[in-house]
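As structure tokens, the structure follows; a few thoughts come after it.
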Amino acid sequence: MTGTSKALARLGVTGLGAVVMFAGLMPLTELAANAATYTPTNATSVSLSPDQDTAAVTTCNEFTATIAPSSTTTPGSVTVQISQATGATNGTSSGIRFCDPLATNPDSRGTVVASPTPGSAGTPGANTTVGATYCFTTTAPAAGSTSNVSCEAPFTDTNGDGKIVFGVLSTETGTMTVSAFGDTNGNGAQDVGENGDTSTKTWVSNTAANTDKINCSPTSATNDTGDTHTFTCSVTNANGVALSGQKVGFTVTSGPDAGVSYNPVTNTSTPASDVAHPGPGDATCNTTDNGASGTTVGQATCSFTNNGVPGTDSIRVYEDTNGVSGQQAGE
């Protein structure tokens, strides 16, 4: 059997927004009002990576905070604040939020709260509400304008390796500011003397100017009938940065195994996979790796088993970006 792995690109158009960061001392009255809400964090050294990058809206994008001190006996912790100019008003389906970019994340996240930083529309904290999932503005901005949404959460380095991996997500195009700092007094704001770092996340839409790219190898291969064909696909963003935690699916579009597919949304194979008794079909793909345990960041491994009939299969591979089963327009 010959398997030809063909990669498709997901397209996007840039849409940028402005973000204003606020750092400073809170009024004493507000500090007292919020003292019981926010969790003190102890990091005295904080650095974020990447410094800046680009991804499509609705994808979970990974950041790493390297902190000190931290150990298995005394895990370090940091406060992470995200803010973005947005018009989102529906807390169940839109806005900005934290997410889990890894299948298993050794670091823990505390309660997400609205940023305590005061301000009017257009500054972090204005009109922010934390819904069941998203942080969003409770008041729709005037036509043609946006209101800045800002929320935060404490993160703890529970395995003591000095690194905290977390993810961020937005449903709207624009520029998000990601800030991590040691909130030693637990007031939810970065004060003078509290160490921290800031990164920029640019969110773009899924139309025709920016692309996440999928490159798969081998581009062709020959296997015995009845064997399993395995291929690897690397996912990168518009800047060529490898993306972890991305869902990859594929369909055999022609050949003896036409119709065999893997759906990354439902994590199912067509025909249904039988791990205990592998047979024809048994399609699978993992989400793109994060570099842990020697894996390659942004790489997914996919495979399926030939039905015993010789011939040439063609495979269409795609990145799922909207959580809808099957390959959608723009993916």
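All residue names refer to the structure tokens as shown: chains lettered A, B, ... in order, residues numbered from 1 in each chain, ligands numbered from 1 in order.
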
Taking a cut-off of 8 Å and counting only C-alpha atoms, can you build a table that, for each residue of segment 38-84 of chain A near segment 170-194 of chain A, reports the nearest atom pair and how far apart they are in Å (one decimal), sorted by chain then residue number, as a tab-separated table?
```
residue	atom	partner	partner_atom	distance
A:Tyr38	CA	A:Gly186	CA	5.4
A:Thr39	CA	A:Gly186	CA	5.2
A:Pro40	CA	A:Gly186	CA	3.8
A:Thr41	CA	A:Asp183	CA	4.8
A:Asn42	CA	A:Gly182	CA	5.3
A:Ala43	CA	A:Gly182	CA	4.5
A:Thr44	CA	A:Gly182	CA	6.0
A:Ser45	CA	A:Gly182	CA	7.7
A:Val46	CA	A:Phe181	CA	6.4
A:Ser47	CA	A:Ala180	CA	7.8
A:Leu48	CA	A:Ala180	CA	7.3
A:Val57	CA	A:Thr171	CA	5.2
A:Thr58	CA	A:Thr171	CA	5.1
A:Thr59	CA	A:Ser170	CA	7.6
A:Ala65	CA	A:Ala180	CA	7.3
A:Ser77	CA	A:Gly182	CA	7.3
A:Val78	CA	A:Gly182	CA	5.0
A:Thr79	CA	A:Phe181	CA	5.4
A:Val80	CA	A:Ala180	CA	4.3
A:Gln81	CA	A:Ser179	CA	5.1
A:Ile82	CA	A:Val178	CA	4.7
A:Ser83	CA	A:Thr177	CA	5.4
A:Gln84	CA	A:Met176	CA	4.6
```

Shell of 6 Å around Phe304 of chain A, only C-alpha atoms, local chain residues under 3 positions omitted, as a ChimeraX atom specification: /A:228-229,281-283

Pick out the closest residue to Lys201 of chain A from this set: A:Thr129, A:Asp227, A:Gly240, A:Asn61. Count only C-alpha atoms. A:Asn61

Mind checking DSSP for segment 75-214 of chain A and telling me the strand (DSSP E) residues as an MDAnalysis selection string? chainID A and resid 77:86 96:99 108:109 113:114 128:130 135:137 147:156 163:170 174:181 196:204 210:214

How would the residues just chosen look if you wrote them out with C-alpha atoms as a PDB file, in the first residue's frame?
```pdb
ATOM      1  CA  SER A  77       3.501  30.279  42.398  1.00  0.00           C
ATOM      2  CA  VAL A  78       2.697  33.211  40.141  1.00  0.00           C
ATOM      3  CA  THR A  79      -0.311  35.366  39.253  1.00  0.00           C
ATOM      4  CA  VAL A  80      -1.168  35.516  35.538  1.00  0.00           C
ATOM      5  CA  GLN A  81      -3.307  38.346  34.155  1.00  0.00           C
ATOM      6  CA  ILE A  82      -4.688  38.449  30.607  1.00  0.00           C
ATOM      7  CA  SER A  83      -6.362  41.494  29.031  1.00  0.00           C
ATOM      8  CA  GLN A  84      -7.700  42.359  25.596  1.00  0.00           C
ATOM      9  CA  ALA A  85      -9.871  45.000  23.959  1.00  0.00           C
ATOM     10  CA  THR A  86     -13.050  43.146  23.052  1.00  0.00           C
ATOM     11  CA  ILE A  96     -11.081  35.564  26.788  1.00  0.00           C
ATOM     12  CA  ARG A  97     -10.093  32.744  29.111  1.00  0.00           C
ATOM     13  CA  PHE A  98      -7.402  30.434  30.403  1.00  0.00           C
ATOM     14  CA  CYS A  99      -7.233  26.935  28.913  1.00  0.00           C
ATOM     15  CA  SER A 108      -2.357  23.770  38.968  1.00  0.00           C
ATOM     16  CA  ARG A 109      -4.551  26.826  38.383  1.00  0.00           C
ATOM     17  CA  VAL A 113     -11.298  36.282  39.029  1.00  0.00           C
ATOM     18  CA  ALA A 114     -11.909  39.657  37.407  1.00  0.00           C
ATOM     19  CA  THR A 128     -15.221  42.561  33.439  1.00  0.00           C
ATOM     20  CA  THR A 129     -17.261  39.564  34.580  1.00  0.00           C
ATOM     21  CA  VAL A 130     -16.053  35.984  34.990  1.00  0.00           C
ATOM     22  CA  CYS A 135     -14.094  36.573  31.131  1.00  0.00           C
ATOM     23  CA  PHE A 136     -16.250  39.060  29.250  1.00  0.00           C
ATOM     24  CA  THR A 137     -17.654  42.569  29.387  1.00  0.00           C
ATOM     25  CA  SER A 147     -14.047  47.652  26.042  1.00  0.00           C
ATOM     26  CA  ASN A 148     -10.998  46.077  27.644  1.00  0.00           C
ATOM     27  CA  VAL A 149     -11.576  42.808  29.498  1.00  0.00           C
ATOM     28  CA  SER A 150      -9.040  41.674  32.086  1.00  0.00           C
ATOM     29  CA  CYS A 151      -8.993  38.597  34.311  1.00  0.00           C
ATOM     30  CA  GLU A 152      -6.392  36.655  36.260  1.00  0.00           C
ATOM     31  CA  ALA A 153      -5.627  33.490  38.206  1.00  0.00           C
ATOM     32  CA  PRO A 154      -2.875  32.134  40.451  1.00  0.00           C
ATOM     33  CA  PHE A 155      -0.802  29.227  39.110  1.00  0.00           C
ATOM     34  CA  THR A 156       1.327  26.850  41.210  1.00  0.00           C
ATOM     35  CA  LYS A 163       8.239  26.140  35.002  1.00  0.00           C
ATOM     36  CA  ILE A 164       4.498  26.757  34.865  1.00  0.00           C
ATOM     37  CA  VAL A 165       2.744  25.893  31.598  1.00  0.00           C
ATOM     38  CA  PHE A 166      -0.615  27.544  30.974  1.00  0.00           C
ATOM     39  CA  GLY A 167      -2.814  28.343  27.986  1.00  0.00           C
ATOM     40  CA  VAL A 168      -4.827  31.367  26.865  1.00  0.00           C
ATOM     41  CA  LEU A 169      -7.682  31.671  24.384  1.00  0.00           C
ATOM     42  CA  SER A 170      -9.733  34.449  22.781  1.00  0.00           C
ATOM     43  CA  GLY A 174      -6.948  41.568  18.454  1.00  0.00           C
ATOM     44  CA  THR A 175      -3.951  41.856  20.749  1.00  0.00           C
ATOM     45  CA  MET A 176      -3.903  40.265  24.183  1.00  0.00           C
ATOM     46  CA  THR A 177      -1.447  41.232  26.915  1.00  0.00           C
ATOM     47  CA  VAL A 178      -0.275  38.306  29.048  1.00  0.00           C
ATOM     48  CA  SER A 179       1.368  39.322  32.328  1.00  0.00           C
ATOM     49  CA  ALA A 180       2.837  37.049  35.032  1.00  0.00           C
ATOM     50  CA  PHE A 181       4.095  38.352  38.375  1.00  0.00           C
ATOM     51  CA  GLY A 196       7.078  40.020  36.592  1.00  0.00           C
ATOM     52  CA  ASP A 197       7.194  39.721  32.820  1.00  0.00           C
ATOM     53  CA  THR A 198       4.819  40.508  29.943  1.00  0.00           C
ATOM     54  CA  SER A 199       4.164  38.894  26.553  1.00  0.00           C
ATOM     55  CA  THR A 200       1.933  39.829  23.620  1.00  0.00           C
ATOM     56  CA  LYS A 201      -0.501  37.470  21.908  1.00  0.00           C
ATOM     57  CA  THR A 202      -1.996  38.472  18.550  1.00  0.00           C
ATOM     58  CA  TRP A 203      -5.214  36.710  17.568  1.00  0.00           C
ATOM     59  CA  VAL A 204      -6.163  36.465  13.884  1.00  0.00           C
ATOM     60  CA  ASN A 210      -2.479  34.285   7.754  1.00  0.00           C
ATOM     61  CA  THR A 211      -1.978  30.554   8.025  1.00  0.00           C
ATOM     62  CA  ASP A 212      -1.248  27.818  10.431  1.00  0.00           C
ATOM     63  CA  LYS A 213       0.619  25.295   8.336  1.00  0.00           C
ATOM     64  CA  ILE A 214       0.594  21.513   8.460  1.00  0.00           C
TER      65      ILE A 214
END
```

Among segment 21-270 of chain A, which residues carry a DSSP assignment of helix (DSSP H, G or I), reported as a compact mmCIF listing (two decimals) with N, CA and C atoms, in the first residue's frame?
```txt
# COMPACT_ATOMS: atom_id res chain seq x y z
N LEU A 28 -6.05 52.06 49.10
CA LEU A 28 -6.14 51.23 50.29
C LEU A 28 -7.54 50.69 50.50
N THR A 29 -8.55 51.48 50.16
CA THR A 29 -9.92 51.03 50.34
C THR A 29 -10.21 49.83 49.46
N GLU A 30 -9.67 49.86 48.22
CA GLU A 30 -9.91 48.74 47.31
C GLU A 30 -9.10 47.52 47.74
N LEU A 31 -7.89 47.74 48.23
CA LEU A 31 -7.07 46.65 48.72
C LEU A 31 -7.82 45.90 49.83
N ALA A 32 -8.43 46.63 50.72
CA ALA A 32 -9.16 46.00 51.81
C ALA A 32 -10.36 45.22 51.28
N ALA A 33 -11.02 45.78 50.28
CA ALA A 33 -12.21 45.13 49.73
C ALA A 33 -11.86 43.84 49.02
N ASN A 34 -10.65 43.75 48.43
CA ASN A 34 -10.28 42.59 47.63
C ASN A 34 -9.33 41.64 48.37
```
